[in-house]
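Enquirer: Next up, structure38.pdb (PDB, C-alpha atoms, pLDDT in the B column).
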```pdb
ATOM      1  CA  MET W  22     143.112 -18.714 114.729  1.00 50.00           C
ATOM      2  CA  VAL W  23     141.402 -15.456 115.777  1.00 50.00           C
ATOM      3  CA  LYS W  24     142.633 -12.366 113.949  1.00 50.00           C
ATOM      4  CA  ASN W  25     143.130  -9.150 115.867  1.00 53.00           C
ATOM      5  CA  ASN W  26     141.943  -5.808 114.498  1.00 54.00           C
ATOM      6  CA  THR W  27     145.375  -5.023 113.058  1.00 56.00           C
ATOM      7  CA  HIS W  28     145.777  -8.253 111.108  1.00 61.00           C
ATOM      8  CA  PRO W  29     146.798  -7.375 107.515  1.00 69.00           C
ATOM      9  CA  ASP W  30     143.849  -9.289 106.008  1.00 69.00           C
ATOM     10  CA  LEU W  31     141.362  -7.309 108.091  1.00 71.00           C
ATOM     11  CA  ILE W  32     143.029  -4.030 107.219  1.00 81.00           C
ATOM     12  CA  ASP W  33     142.952  -4.929 103.508  1.00 87.00           C
ATOM     13  CA  THR W  34     139.265  -5.845 103.772  1.00 90.00           C
ATOM     14  CA  ALA W  35     138.426  -2.567 105.525  1.00 90.00           C
ATOM     15  CA  ILE W  36     140.303  -0.542 102.889  1.00 93.00           C
ATOM     16  CA  ARG W  37     138.631  -2.464 100.037  1.00 95.00           C
ATOM     17  CA  ARG W  38     135.156  -2.053 101.538  1.00 94.00           C
ATOM     18  CA  SER W  39     135.697   1.636 102.083  1.00 93.00           C
ATOM     19  CA  PHE W  40     136.773   1.938  98.451  1.00 95.00           C
ATOM     20  CA  VAL W  41     133.769   0.053  97.040  1.00 95.00           C
ATOM     21  CA  LEU W  42     131.326   2.002  99.217  1.00 93.00           C
ATOM     22  CA  ALA W  43     132.804   5.287  98.016  1.00 94.00           C
ATOM     23  CA  ALA W  44     132.444   4.104  94.427  1.00 95.00           C
ATOM     24  CA  ARG W  45     128.814   3.136  95.055  1.00 94.00           C
ATOM     25  CA  ARG W  46     128.113   6.506  96.650  1.00 93.00           C
ATOM     26  CA  GLY W  47     129.552   8.036  93.500  1.00 94.00           C
ATOM     27  CA  GLY W  48     126.924   6.204  91.457  1.00 94.00           C
ATOM     28  CA  ALA W  49     129.006   3.349  90.062  1.00 95.00           C
ATOM     29  CA  THR W  50     127.234   0.111  89.233  1.00 96.00           C
ATOM     30  CA  TYR W  51     128.445  -3.061  90.921  1.00 95.00           C
ATOM     31  CA  ALA W  52     130.037  -4.233  87.671  1.00 96.00           C
ATOM     32  CA  ARG W  53     131.895  -0.921  87.422  1.00 97.00           C
ATOM     33  CA  ILE W  54     132.899  -1.125  91.092  1.00 96.00           C
ATOM     34  CA  ALA W  55     134.374  -4.590  90.489  1.00 96.00           C
ATOM     35  CA  ASP W  56     136.383  -3.218  87.555  1.00 96.00           C
ATOM     36  CA  LEU W  57     137.526  -0.161  89.518  1.00 96.00           C
ATOM     37  CA  ALA W  58     138.702  -2.362  92.386  1.00 96.00           C
ATOM     38  CA  VAL W  59     140.741  -4.512  89.988  1.00 96.00           C
ATOM     39  CA  GLU W  60     142.313  -1.363  88.515  1.00 96.00           C
ATOM     40  CA  HIS W  61     142.994   0.109  91.944  1.00 95.00           C
ATOM     41  CA  PHE W  62     144.134  -2.923  93.962  1.00 94.00           C
ATOM     42  CA  GLY W  63     145.166  -5.415  91.265  1.00 94.00           C
ATOM     43  CA  ILE W  64     143.435  -8.753  90.790  1.00 94.00           C
ATOM     44  CA  ASP W  65     146.044 -10.568  92.896  1.00 92.00           C
ATOM     45  CA  ASN W  66     145.245  -8.362  95.903  1.00 92.00           C
ATOM     46  CA  LEU W  67     141.512  -9.059  95.807  1.00 94.00           C
ATOM     47  CA  PRO W  68     139.683 -12.125  97.142  1.00 92.00           C
ATOM     48  CA  ALA W  69     139.485 -15.148  94.864  1.00 92.00           C
ATOM     49  CA  GLY W  70     136.415 -14.957  92.655  1.00 93.00           C
ATOM     50  CA  TRP W  71     136.218 -11.164  92.832  1.00 94.00           C
ATOM     51  CA  ASP W  72     133.331  -9.932  90.709  1.00 96.00           C
ATOM     52  CA  GLU W  73     130.295  -7.645  90.867  1.00 95.00           C
ATOM     53  CA  ARG W  74     128.521  -9.981  93.324  1.00 96.00           C
ATOM     54  CA  TYR W  75     131.487  -9.761  95.673  1.00 95.00           C
ATOM     55  CA  ALA W  76     131.483  -5.961  95.295  1.00 96.00           C
ATOM     56  CA  TYR W  77     127.772  -5.953  96.160  1.00 96.00           C
ATOM     57  CA  LYS W  78     128.395  -8.029  99.292  1.00 96.00           C
ATOM     58  CA  ASP W  79     131.196  -5.694 100.354  1.00 95.00           C
ATOM     59  CA  VAL W  80     128.957  -2.641  99.938  1.00 95.00           C
ATOM     60  CA  MET W  81     126.121  -4.309 101.885  1.00 95.00           C
ATOM     61  CA  ARG W  82     128.434  -5.342 104.726  1.00 94.00           C
ATOM     62  CA  GLU W  83     129.795  -1.807 104.975  1.00 92.00           C
ATOM     63  CA  LEU W  84     126.281  -0.338 105.013  1.00 92.00           C
ATOM     64  CA  ASP W  85     125.244  -2.840 107.718  1.00 90.00           C
ATOM     65  CA  LYS W  86     128.196  -1.704 109.789  1.00 88.00           C
ATOM     66  CA  TYR W  87     127.019   1.906 109.515  1.00 84.00           C
ATOM     67  CA  ARG W  88     123.418   0.968 110.350  1.00 85.00           C
ATOM     68  CA  ASN W  89     124.512  -0.924 113.450  1.00 81.00           C
ATOM     69  CA  GLY W  90     126.708   1.994 114.487  1.00 77.00           C
ATOM     70  CA  LEU W  91     123.786   4.381 114.115  1.00 75.00           C
ATOM     71  CA  LYS W  92     121.599   2.153 116.298  1.00 76.00           C
ATOM     72  CA  GLU W  93     124.283   2.115 118.983  1.00 74.00           C
ATOM     73  CA  ASP W  94     124.693   5.878 118.711  1.00 80.00           C
ATOM     74  CA  ALA W  95     120.952   6.407 119.073  1.00 81.00           C
ATOM     75  CA  GLU W  96     120.896   4.302 122.234  1.00 84.00           C
ATOM     76  CA  SER W  97     123.827   6.245 123.675  1.00 86.00           C
ATOM     77  CA  ILE W  98     122.192   9.560 122.874  1.00 86.00           C
ATOM     78  CA  ARG W  99     118.893   8.384 124.369  1.00 88.00           C
ATOM     79  CA  PHE W 100     120.720   7.427 127.570  1.00 90.00           C
ATOM     80  CA  VAL W 101     122.413  10.841 127.803  1.00 90.00           C
ATOM     81  CA  GLU W 102     119.098  12.614 127.175  1.00 93.00           C
ATOM     82  CA  LEU W 103     117.430  10.591 129.930  1.00 94.00           C
ATOM     83  CA  GLU W 104     120.241  11.491 132.328  1.00 94.00           C
ATOM     84  CA  ARG W 105     119.756  15.176 131.523  1.00 94.00           C
ATOM     85  CA  LEU W 106     116.014  14.937 132.028  1.00 96.00           C
ATOM     86  CA  ASP W 107     116.567  13.243 135.386  1.00 95.00           C
ATOM     87  CA  ALA W 108     118.862  16.049 136.518  1.00 95.00           C
ATOM     88  CA  LEU W 109     116.379  18.706 135.417  1.00 96.00           C
ATOM     89  CA  PHE W 110     113.514  16.867 137.062  1.00 97.00           C
ATOM     90  CA  VAL W 111     115.298  16.801 140.429  1.00 96.00           C
ATOM     91  CA  GLN W 112     115.620  20.592 140.329  1.00 95.00           C
ATOM     92  CA  ALA W 113     112.063  21.241 139.203  1.00 97.00           C
ATOM     93  CA  TYR W 114     110.580  18.660 141.555  1.00 97.00           C
ATOM     94  CA  ARG W 115     111.967  20.393 144.650  1.00 96.00           C
ATOM     95  CA  GLN W 116     110.219  23.597 143.647  1.00 96.00           C
ATOM     96  CA  ALA W 117     107.050  21.759 142.568  1.00 97.00           C
ATOM     97  CA  THR W 118     106.656  20.139 145.991  1.00 96.00           C
ATOM     98  CA  GLU W 119     106.807  23.609 147.508  1.00 96.00           C
ATOM     99  CA  GLY W 120     103.766  24.631 145.471  1.00 95.00           C
ATOM    100  CA  ASN W 121     105.431  26.433 142.560  1.00 96.00           C
ATOM    101  CA  LEU W 122     102.886  26.007 139.741  1.00 97.00           C
ATOM    102  CA  GLN W 123     105.421  26.724 136.988  1.00 97.00           C
ATOM    103  CA  ALA W 124     107.681  24.041 138.440  1.00 97.00           C
ATOM    104  CA  ILE W 125     104.765  21.597 138.470  1.00 97.00           C
ATOM    105  CA  ASP W 126     104.140  22.326 134.790  1.00 97.00           C
ATOM    106  CA  ARG W 127     107.859  21.905 134.094  1.00 97.00           C
ATOM    107  CA  CYS W 128     107.891  18.536 135.884  1.00 97.00           C
ATOM    108  CA  LEU W 129     104.965  17.368 133.782  1.00 97.00           C
ATOM    109  CA  ARG W 130     106.741  18.447 130.584  1.00 97.00           C
ATOM    110  CA  ILE W 131     109.895  16.589 131.636  1.00 97.00           C
ATOM    111  CA  MET W 132     107.828  13.510 132.458  1.00 96.00           C
ATOM    112  CA  GLU W 133     106.140  13.696 129.033  1.00 95.00           C
ATOM    113  CA  ARG W 134     109.493  13.943 127.262  1.00 95.00           C
ATOM    114  CA  ARG W 135     110.933  11.046 129.251  1.00 94.00           C
ATOM    115  CA  SER W 136     107.879   8.940 128.512  1.00 93.00           C
ATOM    116  CA  SER W 137     108.197   9.767 124.824  1.00 90.00           C
ATOM    117  CA  LEU W 138     111.881   8.803 124.707  1.00 89.00           C
ATOM    118  CA  LEU W 139     111.129   5.487 126.385  1.00 89.00           C
ATOM    119  CA  GLY W 140     108.000   4.776 124.338  1.00 87.00           C
ATOM    120  CA  LEU W 141     105.832   4.448 127.457  1.00 89.00           C
ATOM    121  CA  ASP W 142     102.764   6.184 126.116  1.00 80.00           C
ATOM    122  CA  LYS W 143      99.891   4.121 124.768  1.00 77.00           C
ATOM    123  CA  PRO W 144      99.506   4.636 121.022  1.00 75.00           C
ATOM    124  CA  VAL W 145      96.786   7.110 120.150  1.00 69.00           C
ATOM    125  CA  GLU W 146      94.005   5.730 117.993  1.00 70.00           C
ATOM    126  CA  VAL W 147      93.030   8.062 115.209  1.00 66.00           C
ATOM    127  CA  PHE W 148      89.699   7.598 113.490  1.00 64.00           C
ATOM    128  CA  VAL W 149      89.203   9.078 110.088  1.00 66.00           C
ATOM    129  CA  GLY W 150      85.603   8.960 109.004  1.00 66.00           C
ATOM    130  CA  GLY W 151      82.799  10.842 107.463  1.00 66.00           C
ATOM    131  CA  ILE W 152      79.515  11.956 108.923  1.00 70.00           C
ATOM    132  CA  GLU W 153      78.235   9.648 111.683  1.00 72.00           C
ATOM    133  CA  GLY W 154      81.153   7.265 111.227  1.00 66.00           C
ATOM    134  CA  ALA W 155      80.555   6.584 107.548  1.00 70.00           C
ATOM    135  CA  PRO W 156      83.656   6.030 105.474  1.00 67.00           C
ATOM    136  CA  VAL W 157      85.097   9.053 103.768  1.00 66.00           C
ATOM    137  CA  VAL W 158      84.281   8.977 100.094  1.00 62.00           C
ATOM    138  CA  ARG W 159      86.094  11.207  97.738  1.00 62.00           C
ATOM    139  CA  GLU W 160      84.480  11.580  94.413  1.00 62.00           C
ATOM    140  CA  VAL W 161      86.260  13.031  91.453  1.00 60.00           C
ATOM    141  CA  ILE W 162      84.105  14.197  88.630  1.00 62.00           C
ATOM    142  CA  ILE W 163      85.783  14.876  85.357  1.00 61.00           C
ATOM    143  CA  GLU W 164      83.797  17.044  83.061  1.00 60.00           C
ATOM    144  CA  ARG W 165      84.239  15.818  79.563  1.00 58.00           C
ATOM    145  CA  GLU W 166      84.355  18.124  76.666  1.00 57.00           C
ATOM    146  CA  ARG W 167      80.904  17.973  75.200  1.00 55.00           C
ATOM    147  CA  LYS W 168      80.344  18.167  71.513  1.00 57.00           C
ATOM    148  CA  PRO W 169      77.472  20.372  70.535  1.00 57.00           C
ATOM    149  CA  ALA W 170      74.426  18.405  69.530  1.00 58.00           C
ATOM    150  CA  THR W 171      73.845  18.370  65.832  1.00 57.00           C
ATOM    151  CA  GLY W 172      70.413  18.703  64.371  1.00 55.00           C
ATOM    152  CA  ASP W 173      70.622  15.460  62.415  1.00 51.00           C
TER     153      ASP W 173
END
```
Here is the file; what I need is its structure written in the form of C-alpha coordinates.
Expert:
Amino acid sequence: MVKNNTHPDLIDTAIRRSFVLAARRGGATYARIADLAVEHFGIDNLPAGWDERYAYKDVMRELDKYRNGLKEDAESIRFVELERLDALFVQAYRQATEGNLQAIDRCLRIMERRSSLLGLDKPVEVFVGGIEGAPVVREVIIERERKPATGD
(Lines of atoms letter the chains of each structure in order from A and count residues from 1; the text may use other names and numbers.)
(Lines give C-alpha, C1' and ligand atoms only; values in the text may rest on other atoms or scores of the structure.)
Protein backbone atom coordinates (compact mmCIF):
# COMPACT_ATOMS: atom_id res chain seq x y z
CA MET A 1 0.00 0.00 0.00
CA VAL A 2 1.38 3.43 -0.98
CA LYS A 3 1.18 6.06 1.75
CA ASN A 4 0.19 9.59 0.85
CA ASN A 5 2.04 12.60 2.26
CA THR A 6 -0.50 13.02 5.06
CA HIS A 7 -0.32 9.45 6.34
CA PRO A 8 0.20 9.56 10.14
CA ASP A 9 3.36 7.42 9.96
CA LEU A 10 4.97 9.82 7.49
CA ILE A 11 4.00 12.82 9.57
CA ASP A 12 5.46 11.18 12.69
CA THR A 13 8.68 10.39 10.82
CA ALA A 14 8.99 13.98 9.55
CA ILE A 15 8.43 15.39 13.06
CA ARG A 16 10.95 12.94 14.58
CA ARG A 17 13.58 13.71 11.94
CA SER A 18 13.12 17.42 12.38
CA PHE A 19 13.57 16.95 16.13
CA VAL A 20 16.75 14.86 15.84
CA LEU A 21 18.28 17.25 13.30
CA ALA A 22 17.61 20.20 15.60
CA ALA A 23 19.26 18.31 18.45
CA ARG A 24 22.29 17.54 16.26
CA ARG A 25 22.54 21.18 15.21
CA GLY A 26 22.55 22.01 18.90
CA GLY A 27 25.63 19.83 19.34
CA ALA A 28 24.07 16.72 20.86
CA THR A 29 25.80 13.41 20.28
CA TYR A 30 23.81 10.64 18.62
CA ALA A 31 23.54 8.80 21.94
CA ARG A 32 22.15 11.96 23.54
CA ILE A 33 19.79 12.50 20.61
CA ALA A 34 18.43 8.96 21.06
CA ASP A 35 17.82 9.67 24.75
CA LEU A 36 16.22 13.05 24.04
CA ALA A 37 13.87 11.47 21.50
CA VAL A 38 12.79 8.84 24.04
CA GLU A 39 12.13 11.60 26.59
CA HIS A 40 10.27 13.73 24.07
CA PHE A 41 8.23 11.16 22.12
CA GLY A 42 8.16 8.15 24.46
CA ILE A 43 9.71 4.82 23.56
CA ASP A 44 6.37 3.43 22.34
CA ASN A 45 6.08 6.22 19.76
CA LEU A 46 9.50 5.58 18.23
CA PRO A 47 10.45 2.88 15.72
CA ALA A 48 11.32 -0.54 17.09
CA GLY A 49 15.01 -0.77 17.90
CA TRP A 50 15.38 2.98 18.40
CA ASP A 51 18.94 3.80 19.40
CA GLU A 52 21.82 6.11 18.51
CA ARG A 53 22.34 4.36 15.15
CA TYR A 54 18.71 5.01 14.25
CA ALA A 55 19.12 8.65 15.33
CA TYR A 56 22.19 8.89 13.09
CA LYS A 57 20.26 7.50 10.12
CA ASP A 58 17.43 9.96 10.73
CA VAL A 59 19.86 12.89 10.81
CA MET A 60 21.59 11.70 7.62
CA ARG A 61 18.29 11.24 5.78
CA GLU A 62 17.18 14.73 6.78
CA LEU A 63 20.49 16.23 5.65
CA ASP A 64 20.22 14.36 2.32
CA LYS A 65 16.78 15.85 1.85
CA TYR A 66 18.21 19.34 2.33
CA ARG A 67 21.13 18.65 -0.02
CA ASN A 68 18.79 17.42 -2.74
CA GLY A 69 16.57 20.46 -2.23
CA LEU A 70 19.56 22.76 -2.59
CA LYS A 71 20.57 21.06 -5.85
CA GLU A 72 17.05 21.54 -7.21
CA ASP A 73 17.04 25.16 -6.07
CA ALA A 74 20.37 25.80 -7.77
CA GLU A 75 19.04 24.39 -11.04
CA SER A 76 15.92 26.55 -10.79
CA ILE A 77 17.96 29.65 -10.08
CA ARG A 78 20.33 28.86 -12.95
CA PHE A 79 17.34 28.55 -15.29
CA VAL A 80 15.93 31.92 -14.16
CA GLU A 81 19.34 33.57 -14.56
CA LEU A 82 19.66 32.18 -18.09
CA GLU A 83 16.20 33.52 -18.96
CA ARG A 84 17.21 36.96 -17.71
CA LEU A 85 20.43 36.89 -19.69
CA ASP A 86 18.50 35.91 -22.81
CA ALA A 87 16.15 38.86 -22.38
CA LEU A 88 19.03 41.27 -21.85
CA PHE A 89 20.90 39.85 -24.82
CA VAL A 90 17.95 40.45 -27.15
CA GLN A 91 17.95 44.14 -26.19
CA ALA A 92 21.70 44.59 -26.46
CA TYR A 93 21.97 42.57 -29.66
CA ARG A 94 19.60 44.88 -31.56
CA GLN A 95 21.82 47.84 -30.72
CA ALA A 96 25.02 45.87 -31.36
CA THR A 97 23.94 44.99 -34.91
CA GLU A 98 23.45 48.70 -35.53
CA GLY A 99 27.10 49.32 -34.71
CA ASN A 100 26.83 50.46 -31.09
CA LEU A 101 30.24 49.50 -29.65
CA GLN A 102 29.03 49.60 -26.03
CA ALA A 103 26.21 47.24 -26.96
CA ILE A 104 28.71 44.90 -28.62
CA ASP A 105 30.77 44.86 -25.42
CA ARG A 106 27.59 44.25 -23.41
CA CYS A 107 26.64 41.32 -25.66
CA LEU A 108 30.06 39.79 -25.16
CA ARG A 109 29.75 40.16 -21.37
CA ILE A 110 26.32 38.52 -21.43
CA MET A 111 27.69 35.70 -23.59
CA GLU A 112 30.59 35.20 -21.14
CA ARG A 113 28.21 35.03 -18.18
CA ARG A 114 25.92 32.59 -19.96
CA SER A 115 28.87 30.42 -20.92
CA SER A 116 30.07 30.46 -17.32
CA LEU A 117 26.67 29.44 -15.94
CA LEU A 118 26.48 26.55 -18.39
CA GLY A 119 30.10 25.48 -17.93
CA LEU A 120 30.85 25.84 -21.65
CA ASP A 121 34.31 27.30 -21.32
CA LYS A 122 37.34 25.05 -21.65
CA PRO A 123 39.18 24.79 -18.34
CA VAL A 124 42.19 27.07 -18.15
CA GLU A 125 45.49 25.32 -17.58
CA VAL A 126 47.63 27.04 -15.01
CA PHE A 127 51.33 26.28 -14.88
CA VAL A 128 53.21 27.04 -11.73
CA GLY A 129 56.93 26.75 -12.21
CA GLY A 130 60.24 28.32 -11.57
CA ILE A 131 62.76 29.76 -13.96
CA GLU A 132 62.70 28.09 -17.39
CA GLY A 133 60.04 25.62 -16.29
CA ALA A 134 61.97 24.20 -13.36
CA PRO A 135 59.90 23.19 -10.38
CA VAL A 136 59.44 25.78 -7.69
CA VAL A 137 61.62 24.96 -4.73
CA ARG A 138 61.02 26.63 -1.46
CA GLU A 139 63.83 26.33 0.96
CA VAL A 140 63.44 27.12 4.60
CA ILE A 141 66.60 27.71 6.51
CA ILE A 142 66.38 27.68 10.24
CA GLU A 143 69.25 29.35 11.94
CA ARG A 144 70.12 27.43 15.02
CA GLU A 145 71.30 29.09 18.11
CA ARG A 146 75.03 28.69 18.04
CA LYS A 147 77.00 28.13 21.16
CA PRO A 148 80.17 30.13 21.33
CA ALA A 149 83.22 28.04 20.65
CA THR A 150 85.20 27.25 23.73
CA GLY A 151 88.94 27.33 23.75
CA ASP A 152 89.29 23.75 24.96
Enquirer: Please evaluate the PyMOL selection byres ((chain W and resi 134) around 12) against the displayed coordinates and give the resulting residues as number ranges by chain.
Expert: W: 99, 102-103, 105-107, 109-110, 127-133, 135-142
Enquirer: Contacts of Leu57 (chain W) at 10 Å or less, counting only C-alpha atoms, minus same-chain residues fewer than 5 places along, as a ChimeraX atom specification?
Expert: /W:40-41,44,49,51-52,62-63
Enquirer: I'd like to know which of W:Ala69, W:Val59, W:Leu42, W:Ala155 is closest to Lys86 (chain W), using all atoms listed in the file.
Expert: W:Leu42
Enquirer: Given the PyMOL selection byres ((chain W and resi 72) around 10) and the file above, list the residues it selects as a PDB file with C-alpha atoms, in the coordinates of the input.
Expert:
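Done, and the output landed in out_31.pdb:
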```pdb
ATOM      1  CA  TYR W  51     128.445  -3.061  90.921  1.00 95.00           C
ATOM      2  CA  ALA W  52     130.037  -4.233  87.671  1.00 96.00           C
ATOM      3  CA  ARG W  53     131.895  -0.921  87.422  1.00 97.00           C
ATOM      4  CA  ILE W  54     132.899  -1.125  91.092  1.00 96.00           C
ATOM      5  CA  ALA W  55     134.374  -4.590  90.489  1.00 96.00           C
ATOM      6  CA  ASP W  56     136.383  -3.218  87.555  1.00 96.00           C
ATOM      7  CA  ALA W  58     138.702  -2.362  92.386  1.00 96.00           C
ATOM      8  CA  VAL W  59     140.741  -4.512  89.988  1.00 96.00           C
ATOM      9  CA  LEU W  67     141.512  -9.059  95.807  1.00 94.00           C
ATOM     10  CA  PRO W  68     139.683 -12.125  97.142  1.00 92.00           C
ATOM     11  CA  ALA W  69     139.485 -15.148  94.864  1.00 92.00           C
ATOM     12  CA  GLY W  70     136.415 -14.957  92.655  1.00 93.00           C
ATOM     13  CA  TRP W  71     136.218 -11.164  92.832  1.00 94.00           C
ATOM     14  CA  GLU W  73     130.295  -7.645  90.867  1.00 95.00           C
ATOM     15  CA  ARG W  74     128.521  -9.981  93.324  1.00 96.00           C
ATOM     16  CA  TYR W  75     131.487  -9.761  95.673  1.00 95.00           C
ATOM     17  CA  ALA W  76     131.483  -5.961  95.295  1.00 96.00           C
ATOM     18  CA  TYR W  77     127.772  -5.953  96.160  1.00 96.00           C
TER      19      TYR W  77
END
```
Enquirer: Pick from W:Arg45, W:Ala108, W:Tyr114, W:Asp94: nearest to Met81 (chain W), with all atoms listed in the file counted?
Expert: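 Distance minimum relative to Met81 (chain W) lands on W:Arg45.
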Enquirer: State, in Å with one decimal place, the distance from CA of Ile125 (chain W) to CA of Ala113 (chain W).
Expert: 7.3 Å
